[in-house]
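One file, upload.tsv, carrying TSV, C-alpha atoms:
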chain	number	residue	atom	x	y	z
O	1	MET	CA	-11.88	23.73	-8.03
O	2	SER	CA	-8.44	22.29	-7.40
O	3	LEU	CA	-7.47	20.41	-4.25
O	4	TRP	CA	-4.43	22.64	-3.90
O	5	SER	CA	-4.59	26.28	-2.91
O	6	PHE	CA	-0.94	27.29	-2.40
O	7	PRO	CA	0.10	29.65	-5.23
O	8	THR	CA	2.90	27.37	-6.55
O	9	PRO	CA	3.42	23.59	-6.72
O	10	LEU	CA	4.99	21.78	-3.79
O	11	LEU	CA	8.74	21.44	-4.32
O	12	LEU	CA	9.89	17.90	-3.49
O	13	ALA	CA	13.51	17.92	-2.26
O	14	SER	CA	13.94	14.20	-2.87
O	15	GLY	CA	14.80	12.13	-5.92
O	16	SER	CA	12.71	9.16	-4.77
O	17	MET	CA	10.38	8.00	-7.52
O	18	ALA	CA	8.07	6.37	-4.95
O	19	ARG	CA	7.57	9.69	-3.13
O	20	ARG	CA	6.94	11.49	-6.39
O	21	VAL	CA	4.35	8.91	-7.45
O	22	MET	CA	2.53	8.98	-4.09
O	23	LEU	CA	2.24	12.77	-4.18
O	24	GLU	CA	1.15	12.86	-7.81
O	25	GLU	CA	-1.43	10.11	-7.30
O	26	SER	CA	-2.87	12.05	-4.37
O	27	GLY	CA	-3.45	14.93	-6.77
O	28	LEU	CA	-0.94	17.44	-5.41
O	29	PRO	CA	0.92	19.52	-7.99
O	30	ILE	CA	4.63	18.94	-7.43
O	31	GLU	CA	7.99	19.81	-8.87
O	32	VAL	CA	11.03	17.70	-8.08
O	33	LEU	CA	14.36	19.24	-7.11
O	34	PRO	CA	16.44	16.67	-5.20
O	35	ALA	CA	18.59	18.15	-2.43
O	36	ASN	CA	22.28	17.74	-2.90
O	37	ILE	CA	23.49	17.27	0.66
O	38	ASP	CA	25.97	14.97	2.32
O	39	GLU	CA	23.49	12.83	4.28
O	40	ARG	CA	26.26	10.92	6.00
O	41	ALA	CA	27.72	14.13	7.43
O	42	VAL	CA	24.30	15.09	8.77
O	43	ASP	CA	23.50	11.87	10.52
O	44	GLU	CA	26.81	10.44	11.68
O	45	ALA	CA	27.00	12.59	14.78
O	46	LEU	CA	23.39	11.74	15.64
O	47	ARG	CA	23.93	8.05	15.16
O	48	SER	CA	27.04	7.95	17.29
O	49	ALA	CA	25.17	9.88	19.99
O	50	GLY	CA	22.53	7.13	19.96
O	51	ALA	CA	19.67	9.22	18.56
O	52	VAL	CA	16.50	7.26	17.77
O	53	PRO	CA	15.55	6.71	14.10
O	54	ALA	CA	12.67	9.22	14.25
O	55	THR	CA	15.05	11.97	15.34
O	56	ILE	CA	17.58	11.15	12.64
O	57	ALA	CA	14.98	10.82	9.86
O	58	LEU	CA	13.40	14.15	10.81
O	59	LYS	CA	16.79	15.85	10.89
O	60	LEU	CA	17.63	14.51	7.43
O	61	ALA	CA	14.21	15.48	6.05
O	62	ARG	CA	14.69	18.99	7.42
O	63	ALA	CA	18.24	19.26	6.05
O	64	LYS	CA	17.12	18.26	2.55
O	65	ALA	CA	14.24	20.74	2.59
O	66	ALA	CA	16.45	23.53	4.01
O	67	SER	CA	19.01	23.05	1.27
O	68	VAL	CA	16.39	23.41	-1.47
O	69	SER	CA	14.48	26.15	0.36
O	70	ALA	CA	17.60	28.33	0.54
O	71	GLN	CA	17.71	28.42	-3.27
O	72	ASN	CA	13.96	28.81	-3.76
O	73	PRO	CA	12.50	31.66	-1.73
O	74	GLY	CA	8.73	31.76	-1.39
O	75	ARG	CA	8.35	28.10	-2.39
O	76	LEU	CA	6.84	25.41	-0.18
O	77	VAL	CA	9.53	22.73	0.07
O	78	LEU	CA	9.03	19.13	1.22
O	79	GLY	CA	11.99	17.16	2.55
O	80	ALA	CA	11.64	13.47	3.37
O	81	ASP	CA	13.71	10.62	4.67
O	82	GLN	CA	13.28	6.97	5.62
O	83	LEU	CA	15.33	4.80	7.95
O	84	LEU	CA	15.23	1.08	8.58
O	85	ASP	CA	16.24	-0.34	11.93
O	86	CYS	CA	16.18	-3.78	13.45
O	87	SER	CA	17.08	-4.64	17.04
O	88	GLY	CA	18.77	-1.30	17.60
O	89	LYS	CA	20.84	-1.28	14.42
O	90	ILE	CA	20.18	1.18	11.57
O	91	TYR	CA	20.71	-0.33	8.13
O	92	ASP	CA	21.79	1.78	5.17
O	93	LYS	CA	20.90	1.10	1.54
O	94	ALA	CA	22.93	-1.77	0.16
O	95	LYS	CA	25.66	-0.74	-2.28
O	96	ASP	CA	25.55	-3.93	-4.31
O	97	ARG	CA	23.94	-7.35	-4.47
O	98	ALA	CA	26.37	-8.93	-1.99
O	99	GLU	CA	25.55	-6.29	0.65
O	100	ALA	CA	21.84	-6.67	-0.08
O	101	GLU	CA	21.97	-10.44	0.41
O	102	LYS	CA	23.82	-10.00	3.68
O	103	LYS	CA	21.26	-7.48	4.89
O	104	LEU	CA	18.35	-9.75	3.95
O	105	ALA	CA	20.01	-12.63	5.83
O	106	ASP	CA	20.18	-10.34	8.87
O	107	LEU	CA	16.53	-9.27	8.58
O	108	ALA	CA	15.07	-12.71	7.75
O	109	GLY	CA	12.90	-14.18	10.49
O	110	ARG	CA	12.79	-10.88	12.39
O	111	ILE	CA	10.69	-7.73	12.71
O	112	HIS	CA	12.19	-4.52	11.40
O	113	ARG	CA	10.90	-0.98	11.56
O	114	LEU	CA	10.64	1.62	8.81
O	115	THR	CA	10.56	5.23	9.99
O	116	SER	CA	9.45	7.84	7.46
O	117	ALA	CA	9.77	11.55	8.13
O	118	ALA	CA	8.62	14.66	6.31
O	119	ALA	CA	9.44	18.33	6.88
O	120	VAL	CA	7.78	21.27	5.15
O	121	LEU	CA	9.71	24.53	4.96
O	122	CYS	CA	9.23	27.94	3.37
O	123	ASN	CA	11.96	30.58	3.24
O	124	GLY	CA	14.14	28.32	5.38
O	125	GLU	CA	11.58	28.19	8.18
O	126	SER	CA	10.12	24.85	9.28
O	127	LEU	CA	6.32	25.06	9.06
O	128	PHE	CA	5.60	21.54	10.26
O	129	GLU	CA	7.19	18.13	10.53
O	130	THR	CA	5.82	14.67	10.93
O	131	VAL	CA	7.04	11.12	11.29
O	132	SER	CA	5.40	7.69	11.11
O	133	GLU	CA	6.49	4.11	11.59
O	134	ALA	CA	5.71	0.69	10.18
O	135	ARG	CA	6.73	-2.76	11.42
O	136	LEU	CA	7.36	-5.61	9.01
O	137	THR	CA	7.88	-9.26	9.85
O	138	MET	CA	10.19	-10.93	7.37
O	139	ARG	CA	9.83	-14.67	6.85
O	140	PRO	CA	12.75	-16.95	7.60
O	141	LEU	CA	14.75	-17.14	4.34
O	142	ASP	CA	17.62	-19.47	3.53
O	143	SER	CA	20.44	-18.46	1.19
O	144	ALA	CA	18.77	-20.13	-1.82
O	145	ALA	CA	15.58	-18.13	-1.24
O	146	ILE	CA	17.57	-14.91	-0.82
O	147	ALA	CA	19.47	-15.61	-4.06
O	148	LEU	CA	16.22	-16.31	-5.94
O	149	TYR	CA	14.71	-13.11	-4.53
O	150	ALA	CA	17.81	-11.13	-5.55
O	151	ASP	CA	17.51	-12.49	-9.10
O	152	GLU	CA	13.93	-11.23	-9.21
O	153	ALA	CA	14.10	-7.95	-7.29
O	154	GLY	CA	15.88	-5.79	-9.86
O	155	ALA	CA	16.72	-2.22	-8.93
O	156	ALA	CA	14.81	-2.39	-5.64
O	157	LEU	CA	17.67	-4.42	-4.20
O	158	THR	CA	19.93	-1.40	-3.89
O	159	ALA	CA	17.47	1.50	-4.38
O	160	CYS	CA	15.38	0.93	-1.24
O	161	ALA	CA	16.22	0.99	2.45
O	162	GLY	CA	15.07	-2.59	2.92
O	163	CYS	CA	16.20	-4.08	-0.42
O	164	TYR	CA	12.55	-4.47	-1.42
O	165	GLU	CA	9.50	-2.80	-2.87
O	166	ILE	CA	6.67	-4.41	-0.99
O	167	GLU	CA	4.26	-3.83	-3.88
O	168	GLY	CA	6.67	-5.74	-6.15
O	169	ARG	CA	8.63	-8.94	-5.56
O	170	GLY	CA	9.09	-7.81	-1.95
O	171	ALA	CA	5.63	-9.19	-1.12
O	172	HIS	CA	7.23	-12.64	-1.01
O	173	LEU	CA	9.47	-11.66	1.90
O	174	PHE	CA	6.82	-10.92	4.50
O	175	SER	CA	4.48	-12.76	6.77
O	176	ARG	CA	3.07	-9.64	8.42
O	177	VAL	CA	2.92	-5.92	7.77
O	178	GLU	CA	1.83	-3.31	10.31
O	179	GLY	CA	1.68	0.33	9.31
O	180	ASP	CA	0.33	2.14	6.30
O	181	HIS	CA	1.63	1.69	2.78
O	182	PHE	CA	2.73	5.31	2.45
O	183	THR	CA	5.03	5.01	5.44
O	184	ILE	CA	6.46	1.78	4.02
O	185	ARG	CA	7.12	3.49	0.69
O	186	GLY	CA	8.96	6.34	2.36
O	187	LEU	CA	6.55	9.17	3.07
O	188	PRO	CA	4.10	9.75	5.96
O	189	LEU	CA	1.51	10.90	3.43
O	190	LEU	CA	-1.61	10.88	5.66
O	191	GLU	CA	0.18	13.00	8.26
O	192	LEU	CA	1.66	15.26	5.56
O	193	LEU	CA	-1.78	15.86	4.01
O	194	ALA	CA	-3.18	16.60	7.48
O	195	GLY	CA	-0.44	19.19	8.02
O	196	LEU	CA	-1.00	20.85	4.65
O	197	ARG	CA	-4.76	20.82	5.30
O	198	ALA	CA	-4.31	22.44	8.70
O	199	LYS	CA	-2.40	25.25	6.99
O	200	GLY	CA	-5.27	25.74	4.56
O	201	TRP	CA	-3.36	24.63	1.44
O	202	ILE	CA	-5.51	21.59	0.69
O	203	ARG	CA	-9.20	22.24	0.16
O	204	LEU	CA	-10.35	18.65	0.69
Q	1	MET	CA	14.85	-20.12	-12.04
Q	2	SER	CA	11.31	-18.80	-11.92
Q	3	LEU	CA	9.38	-18.06	-8.73
Q	4	TRP	CA	6.49	-20.10	-10.04
Q	5	SER	CA	6.52	-23.88	-10.37
Q	6	PHE	CA	2.93	-24.81	-11.26
Q	7	PRO	CA	2.85	-25.98	-14.90
Q	8	THR	CA	0.44	-23.27	-16.09
Q	9	PRO	CA	-0.21	-19.64	-15.11
Q	10	LEU	CA	-2.62	-18.86	-12.29
Q	11	LEU	CA	-6.07	-18.17	-13.70
Q	12	LEU	CA	-7.59	-15.08	-12.07
Q	13	ALA	CA	-11.39	-15.33	-11.97
Q	14	SER	CA	-11.83	-11.61	-11.36
Q	15	GLY	CA	-11.89	-8.58	-13.62
Q	16	SER	CA	-10.36	-6.29	-11.00
Q	17	MET	CA	-7.41	-4.38	-12.42
Q	18	ALA	CA	-6.01	-3.85	-8.90
Q	19	ARG	CA	-5.87	-7.62	-8.28
Q	20	ARG	CA	-4.26	-8.22	-11.63
Q	21	VAL	CA	-1.61	-5.58	-10.96
Q	22	MET	CA	-0.82	-6.89	-7.47
Q	23	LEU	CA	-0.32	-10.42	-8.76
Q	24	GLU	CA	1.76	-9.32	-11.74
Q	25	GLU	CA	3.94	-7.05	-9.62
Q	26	SER	CA	4.61	-9.95	-7.25
Q	27	GLY	CA	5.99	-11.85	-10.24
Q	28	LEU	CA	3.30	-14.54	-10.57
Q	29	PRO	CA	2.34	-15.50	-14.11
Q	30	ILE	CA	-1.39	-14.95	-14.46
Q	31	GLU	CA	-4.17	-15.10	-17.00
Q	32	VAL	CA	-7.41	-13.25	-16.42
Q	33	LEU	CA	-10.79	-14.84	-17.02
Q	34	PRO	CA	-13.44	-12.99	-15.01
Q	35	ALA	CA	-16.20	-15.21	-13.64
Q	36	ASN	CA	-19.64	-14.49	-14.96
Q	37	ILE	CA	-21.80	-15.21	-11.94
Q	38	ASP	CA	-24.77	-13.50	-10.36
Q	39	GLU	CA	-23.07	-12.28	-7.18
Q	40	ARG	CA	-26.29	-10.95	-5.78
Q	41	ALA	CA	-27.94	-14.37	-6.02
Q	42	VAL	CA	-24.99	-15.91	-4.18
Q	43	ASP	CA	-24.86	-13.51	-1.29
Q	44	GLU	CA	-28.44	-12.41	-0.70
Q	45	ALA	CA	-29.38	-15.48	1.30
Q	46	LEU	CA	-26.21	-15.17	3.40
Q	47	ARG	CA	-26.80	-11.49	4.06
Q	48	SER	CA	-30.36	-11.98	5.13
Q	49	ALA	CA	-29.24	-14.82	7.40
Q	50	GLY	CA	-26.84	-12.36	9.08
Q	51	ALA	CA	-23.58	-14.01	7.93
Q	52	VAL	CA	-20.42	-12.07	8.80
Q	53	PRO	CA	-18.52	-10.34	5.94
Q	54	ALA	CA	-15.67	-12.90	6.03
Q	55	THR	CA	-18.14	-15.74	5.39
Q	56	ILE	CA	-19.83	-13.91	2.54
Q	57	ALA	CA	-16.58	-12.76	0.91
Q	58	LEU	CA	-15.15	-16.31	1.05
Q	59	LYS	CA	-18.34	-17.74	-0.42
Q	60	LEU	CA	-18.25	-15.25	-3.29
Q	61	ALA	CA	-14.52	-15.86	-3.90
Q	62	ARG	CA	-15.20	-19.61	-4.02
Q	63	ALA	CA	-18.20	-19.20	-6.33
Q	64	LYS	CA	-16.19	-17.12	-8.80
Q	65	ALA	CA	-13.33	-19.61	-8.81
Q	66	ALA	CA	-15.69	-22.59	-9.13
Q	67	SER	CA	-17.41	-21.07	-12.13
Q	68	VAL	CA	-14.11	-20.60	-13.99
Q	69	SER	CA	-12.65	-23.91	-12.76
Q	70	ALA	CA	-15.58	-25.83	-14.23
Q	71	GLN	CA	-14.62	-24.62	-17.71
Q	72	ASN	CA	-10.85	-25.01	-17.22
Q	73	PRO	CA	-9.90	-28.46	-15.98
Q	74	GLY	CA	-6.38	-28.85	-14.61
Q	75	ARG	CA	-5.93	-25.10	-14.13
Q	76	LEU	CA	-5.22	-23.42	-10.81
Q	77	VAL	CA	-8.00	-20.85	-10.41
Q	78	LEU	CA	-8.02	-17.89	-8.02
Q	79	GLY	CA	-11.32	-16.36	-6.98
Q	80	ALA	CA	-11.42	-13.20	-4.88
Q	81	ASP	CA	-13.90	-10.85	-3.32
Q	82	GLN	CA	-13.94	-7.79	-1.08
Q	83	LEU	CA	-16.67	-6.45	1.16
Q	84	LEU	CA	-16.95	-3.18	3.03
Q	85	ASP	CA	-18.92	-2.96	6.24
Q	86	CYS	CA	-19.47	-0.25	8.80
Q	87	SER	CA	-21.38	-0.65	12.05
Q	88	GLY	CA	-22.98	-3.89	10.93
Q	89	LYS	CA	-24.08	-2.70	7.47
Q	90	ILE	CA	-22.52	-4.06	4.28
Q	91	TYR	CA	-22.13	-1.43	1.56
Q	92	ASP	CA	-22.22	-2.33	-2.13
Q	93	LYS	CA	-20.39	-0.49	-4.88
Q	94	ALA	CA	-22.09	2.77	-5.70
Q	95	LYS	CA	-23.97	2.79	-9.00
Q	96	ASP	CA	-23.45	6.47	-9.68
Q	97	ARG	CA	-22.06	9.65	-8.21
Q	98	ALA	CA	-25.15	10.39	-6.14
Q	99	GLU	CA	-24.98	6.98	-4.46
Q	100	ALA	CA	-21.25	7.38	-3.92
Q	101	GLU	CA	-21.70	10.76	-2.23
Q	102	LYS	CA	-24.37	9.32	0.03
Q	103	LYS	CA	-22.12	6.41	0.96
Q	104	LEU	CA	-19.19	8.72	1.72
Q	105	ALA	CA	-21.44	10.86	3.91
Q	106	ASP	CA	-22.35	7.66	5.82
Q	107	LEU	CA	-18.72	6.59	6.23
Q	108	ALA	CA	-17.26	10.02	7.07
Q	109	GLY	CA	-16.02	10.34	10.64
Q	110	ARG	CA	-16.29	6.59	11.24
Q	111	ILE	CA	-14.21	3.42	11.04
Q	112	HIS	CA	-15.12	0.93	8.34
Q	113	ARG	CA	-13.76	-2.51	7.63
Q	114	LEU	CA	-12.59	-4.00	4.35
Q	115	THR	CA	-12.66	-7.79	4.19
Q	116	SER	CA	-10.75	-9.43	1.34
Q	117	ALA	CA	-11.05	-13.12	0.57
Q	118	ALA	CA	-9.29	-15.48	-1.82
Q	119	ALA	CA	-10.05	-19.08	-2.79
Q	120	VAL	CA	-7.82	-21.32	-4.89
Q	121	LEU	CA	-9.47	-24.20	-6.73
Q	122	CYS	CA	-8.38	-26.87	-9.16
Q	123	ASN	CA	-10.83	-29.16	-10.97
Q	124	GLY	CA	-13.64	-27.69	-8.89
Q	125	GLU	CA	-11.99	-28.65	-5.61
Q	126	SER	CA	-11.06	-25.98	-3.06
Q	127	LEU	CA	-7.34	-26.28	-2.26
Q	128	PHE	CA	-7.16	-23.44	0.21
Q	129	GLU	CA	-8.94	-20.25	1.17
Q	130	THR	CA	-7.91	-17.21	3.13
Q	131	VAL	CA	-9.35	-13.94	4.33
Q	132	SER	CA	-7.90	-10.76	5.81
Q	133	GLU	CA	-9.27	-7.51	7.15
Q	134	ALA	CA	-8.31	-3.85	7.29
Q	135	ARG	CA	-9.80	-1.00	9.29
Q	136	LEU	CA	-9.88	2.53	7.94
Q	137	THR	CA	-10.78	5.68	9.80
Q	138	MET	CA	-12.38	8.23	7.51
Q	139	ARG	CA	-12.09	11.90	8.41
Q	140	PRO	CA	-15.22	13.91	9.05
Q	141	LEU	CA	-16.24	15.33	5.65
Q	142	ASP	CA	-18.87	17.93	4.90
Q	143	SER	CA	-20.85	17.94	1.67
Q	144	ALA	CA	-18.50	20.46	0.02
Q	145	ALA	CA	-15.50	18.20	0.75
Q	146	ILE	CA	-17.37	15.15	-0.55
Q	147	ALA	CA	-18.31	17.01	-3.74
Q	148	LEU	CA	-14.70	18.15	-4.28
Q	149	TYR	CA	-13.49	14.59	-3.69
Q	150	ALA	CA	-16.08	13.24	-6.15
Q	151	ASP	CA	-14.85	15.73	-8.77
Q	152	GLU	CA	-11.32	14.39	-8.31
Q	153	ALA	CA	-11.85	10.66	-7.77
Q	154	GLY	CA	-12.74	9.64	-11.32
Q	155	ALA	CA	-13.62	6.00	-11.95
Q	156	ALA	CA	-12.72	4.92	-8.39
Q	157	LEU	CA	-15.96	6.51	-7.22
Q	158	THR	CA	-18.05	3.66	-8.62
Q	159	ALA	CA	-15.43	0.98	-9.36
Q	160	CYS	CA	-14.34	0.34	-5.76
Q	161	ALA	CA	-16.18	-0.94	-2.70
Q	162	GLY	CA	-15.38	2.20	-0.74
Q	163	CYS	CA	-15.60	4.81	-3.53
Q	164	TYR	CA	-11.83	5.32	-3.26
Q	165	GLU	CA	-8.43	4.10	-4.27
Q	166	ILE	CA	-6.33	4.82	-1.24
Q	167	GLU	CA	-3.19	5.13	-3.35
Q	168	GLY	CA	-4.96	7.81	-5.41
Q	169	ARG	CA	-7.15	10.71	-4.33
Q	170	GLY	CA	-8.54	8.44	-1.61
Q	171	ALA	CA	-5.55	9.28	0.59
Q	172	HIS	CA	-7.28	12.56	1.41
Q	173	LEU	CA	-10.19	10.77	3.06
Q	174	PHE	CA	-8.36	9.02	5.86
Q	175	SER	CA	-6.84	9.87	9.20
Q	176	ARG	CA	-5.81	6.30	10.01
Q	177	VAL	CA	-5.28	3.03	8.19
Q	178	GLU	CA	-4.82	-0.37	9.87
Q	179	GLY	CA	-4.20	-3.44	7.77
Q	180	ASP	CA	-1.96	-4.16	4.81
Q	181	HIS	CA	-2.25	-2.46	1.46
Q	182	PHE	CA	-3.04	-5.68	-0.39
Q	183	THR	CA	-6.09	-6.30	1.76
Q	184	ILE	CA	-7.22	-2.72	1.18
Q	185	ARG	CA	-6.83	-3.13	-2.59
Q	186	GLY	CA	-8.92	-6.31	-2.59
Q	187	LEU	CA	-6.67	-9.33	-2.24
Q	188	PRO	CA	-5.10	-10.99	0.85
Q	189	LEU	CA	-1.85	-11.32	-1.09
Q	190	LEU	CA	0.51	-12.22	1.78
Q	191	GLU	CA	-1.81	-15.03	2.88
Q	192	LEU	CA	-2.36	-16.14	-0.73
Q	193	LEU	CA	1.39	-16.34	-1.35
Q	194	ALA	CA	1.80	-18.31	1.88
Q	195	GLY	CA	-0.83	-20.79	0.73
Q	196	LEU	CA	0.72	-21.22	-2.72
Q	197	ARG	CA	4.14	-21.59	-1.08
Q	198	ALA	CA	2.83	-24.27	1.30
Q	199	LYS	CA	1.60	-26.21	-1.75
Q	200	GLY	CA	5.08	-25.98	-3.30
Q	201	TRP	CA	4.05	-23.76	-6.23
Q	202	ILE	CA	6.18	-20.77	-5.26
Q	203	ARG	CA	9.89	-21.39	-4.91
Q	204	LEU	CA	10.67	-18.26	-2.90
Can the structure in the file be given as structure tokens, please?
Amino acid sequence: MSLWSFPTPLLLASGSMARRVMLEESGLPIEVLPANIDERAVDEALRSAGAVPATIALKLARAKAASVSAQNPGRLVLGADQLLDCSGKIYDKAKDRAEAEKKLADLAGRIHRLTSAAAVLCNGESLFETVSEARLTMRPLDSAAIALYADEAGAALTACAGCYEIEGRGAHLFSRVEGDHFTIRGLPLLELLAGLRAKGWIRL
Amino acid sequence: MSLWSFPTPLLLASGSMARRVMLEESGLPIEVLPANIDERAVDEALRSAGAVPATIALKLARAKAASVSAQNPGRLVLGADQLLDCSGKIYDKAKDRAEAEKKLADLAGRIHRLTSAAAVLCNGESLFETVSEARLTMRPLDSAAIALYADEAGAALTACAGCYEIEGRGAHLFSRVEGDHFTIRGLPLLELLAGLRAKGWIRL
């Protein structure tokens, strides 16, 4: 008997390879169809109104899922988003190495928060949403250490909210990690599985 | 410039694929040479004397490293061990599916602890040791859920202390996870990197 009892695979409205891998490793059948939305348009108003990261991440997760759901009636669609904030400031993905190094210099020696949100929709209707947080303490890093890290980090430098994959070279950046690994990688998986289970779509 | 400044690769005295992967992903050069020791002989006396899991795990990590160090003078040798305990009882790896199902039935609905230890030796001398803990809350599971999980879990059922890989099907078992992912996978990596850094062998 399969873990999954919904008639069709879960449709992941995100292009994130980490999210795809987490879902596949958990045994859920998924198809990937990244949403094509203007994230900046969605969240700028919220940010300027001072919304907390959880609110913004949930709104973006919902918007991604809604966009894909509108084109895929009857499918269960998962939208997800992750935000990084530190001392009240939300940091976007770095565009290039120079921006990444500047961001790491900002985060070094401080605690930042990762907020991961998920929204599950069907036929445009939100069935459930969930959000989780992690707190990471970055070691103090001088510019030589940041440059050496940037040499080593590869694509993670600009692909991830925090310029790191903690399971890769990013492990060198931290003295302490609080929060589960799924949240850190961009998906509140335990909470998502609980929601799908409560709906009867996961047998385990 | 490389992250690593010790003249030779780190010698991992453990056959655990998870430990190997964590170290490789962090960018450390490693060679694997699993220790061939009788773990049961090492820890039985400690267990019957009521030693806490951290003491036993450190002793086993040290014994593994010492065994490999004795045959490899001048090399930096890493020994590691992980123990699972729940309400005062230490659980060994399950030998087969029946044992695994019984263990999961014991752990279901309760919090268990994973204790991961690492010891770094050179020429038989302990240079530093470290230990870290994680606490995992397993959902209540009936026998049908345990059987479905066992169908899905594959090799993790008998290869891992807890009968699960949390990054795999194991995610379905938990409602809450406290402690970092490295500790859960069997190596206190953040603390290990800090120790190697303090010795001057990691440049980052």
Residues of range 113-191 of chain O that have any atom at most 12 Å from an atom of range 115-137 of chain Q: could you tabulate them with the shortest-distance atom pair and the distance in Å to one decimal, using all atoms listed in the file, ordered by chain and increasing number, as JSON lines?
{"residue": "O:Arg176", "atom": "CA", "partner": "Q:Ser132", "partner_atom": "CA", "distance": 11.3}
{"residue": "O:Val177", "atom": "CA", "partner": "Q:Ala134", "partner_atom": "CA", "distance": 11.4}
{"residue": "O:Glu178", "atom": "CA", "partner": "Q:Ala134", "partner_atom": "CA", "distance": 10.6}
{"residue": "O:Gly179", "atom": "CA", "partner": "Q:Ala134", "partner_atom": "CA", "distance": 11.0}
{"residue": "O:Asp180", "atom": "CA", "partner": "Q:Leu136", "partner_atom": "CA", "distance": 10.3}
{"residue": "O:Leu190", "atom": "CA", "partner": "Q:Thr137", "partner_atom": "CA", "distance": 11.3}
Expected file: the selected residues, C-alpha atoms, as a tab-separated table (two decimals), in the coordinates of the input:
chain	number	residue	atom	x	y	z
O	176	ARG	CA	3.07	-9.64	8.42
O	177	VAL	CA	2.92	-5.92	7.77
O	178	GLU	CA	1.83	-3.31	10.31
O	179	GLY	CA	1.68	0.33	9.31
O	180	ASP	CA	0.33	2.14	6.30
O	190	LEU	CA	-1.61	10.88	5.66
Hey, list the chain O side of the contact with chain Q: 8 Å cut-off, all atoms listed in the file, answer as a CSV table (one decimal) with C-alpha atoms, in the frame of the given file.
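Wrote it out as iface28.csv, contents follow:
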chain,number,residue,atom,x,y,z
O,1,MET,CA,-11.9,23.7,-8.0
O,3,LEU,CA,-7.5,20.4,-4.2
O,22,MET,CA,2.5,9.0,-4.1
O,25,GLU,CA,-1.4,10.1,-7.3
O,26,SER,CA,-2.9,12.0,-4.4
O,27,GLY,CA,-3.4,14.9,-6.8
O,145,ALA,CA,15.6,-18.1,-1.2
O,146,ILE,CA,17.6,-14.9,-0.8
O,148,LEU,CA,16.2,-16.3,-5.9
O,149,TYR,CA,14.7,-13.1,-4.5
O,167,GLU,CA,4.3,-3.8,-3.9
O,168,GLY,CA,6.7,-5.7,-6.2
O,169,ARG,CA,8.6,-8.9,-5.6
O,170,GLY,CA,9.1,-7.8,-2.0
O,171,ALA,CA,5.6,-9.2,-1.1
O,172,HIS,CA,7.2,-12.6,-1.0
O,174,PHE,CA,6.8,-10.9,4.5
O,175,SER,CA,4.5,-12.8,6.8
O,176,ARG,CA,3.1,-9.6,8.4
O,177,VAL,CA,2.9,-5.9,7.8
O,178,GLU,CA,1.8,-3.3,10.3
O,179,GLY,CA,1.7,0.3,9.3
O,180,ASP,CA,0.3,2.1,6.3
O,181,HIS,CA,1.6,1.7,2.8
O,189,LEU,CA,1.5,10.9,3.4
O,190,LEU,CA,-1.6,10.9,5.7
O,191,GLU,CA,0.2,13.0,8.3
O,193,LEU,CA,-1.8,15.9,4.0
O,194,ALA,CA,-3.2,16.6,7.5
O,203,ARG,CA,-9.2,22.2,0.2
O,204,LEU,CA,-10.4,18.6,0.7
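Among the candidates O:Arg139, O:Arg40, O:Lys89, O:Arg19, the residue lying nearest to Pro188 in chain O is O:Arg19 (atoms considered: only C-alpha atoms).
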What is the distance, in Å and to one decimal place, between CA of Leu84 in chain O and CA of His112 in chain O?
7.0 Å
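Proximity ranking of O:Pro140, O:Gly109, O:Gly186, O:Pro7 relative to Leu83 in chain O places O:Gly186 first, based on only C-alpha atoms.
Closest approach to Asn72 in chain O among O:Ala198, O:Ala156, O:Ile184, O:Leu10: O:Leu10, based on all atoms listed in the file.
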What is the distance, in Å and to one decimal place, between CA of Leu76 in chain Q and CA of Ala35 in chain Q?
14.0 Å
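Using all atoms listed in the file, the contacts of Val42 in chain O at a cut-off of 9 Å, with sequence neighbours closer than 2 positions omitted, comprise Ile37, Asp38, Glu39, Arg40, Glu44, Ala45, Leu46, Ile56, Lys59, Leu60 and Ala63 of chain O.
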Under the rule that all atoms listed in the file are counted, which of O:Ala150, O:Leu33, O:Leu107, O:Val77 is the nearest residue to Gly162 in chain O?
O:Leu107
From O:Ala108, O:Ala94, O:Met138, O:Leu196, residue lying nearest Thr158 in chain O [all atoms listed in the file]
O:Ala94
For CA of Glu101 in chain O and CA of Phe6 in chain Q, the interatomic separation in Å (one decimal):
26.6 Å
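Residues with any atom within 7 Å of Ala100 in chain O, counting only C-alpha atoms and excluding same-chain neighbours fewer than 3 positions away, are Ala94, Asp96, Arg97, Lys103, Leu104, Leu157, Thr158 and Cys163 of chain O.
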Could you please take those selected residues and save C-alpha atoms as a CSV table (one decimal), in the frame of the given file?
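Here's the written file again.csv:
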chain,number,residue,atom,x,y,z
O,94,ALA,CA,22.9,-1.8,0.2
O,96,ASP,CA,25.6,-3.9,-4.3
O,97,ARG,CA,23.9,-7.4,-4.5
O,103,LYS,CA,21.3,-7.5,4.9
O,104,LEU,CA,18.4,-9.8,4.0
O,157,LEU,CA,17.7,-4.4,-4.2
O,158,THR,CA,19.9,-1.4,-3.9
O,163,CYS,CA,16.2,-4.1,-0.4
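Using all atoms listed in the file, the nearest neighbour of Leu114 in chain Q within the list Q:Met17, Q:Ala98, Q:Ala155, Q:Ala54 is Q:Ala54.
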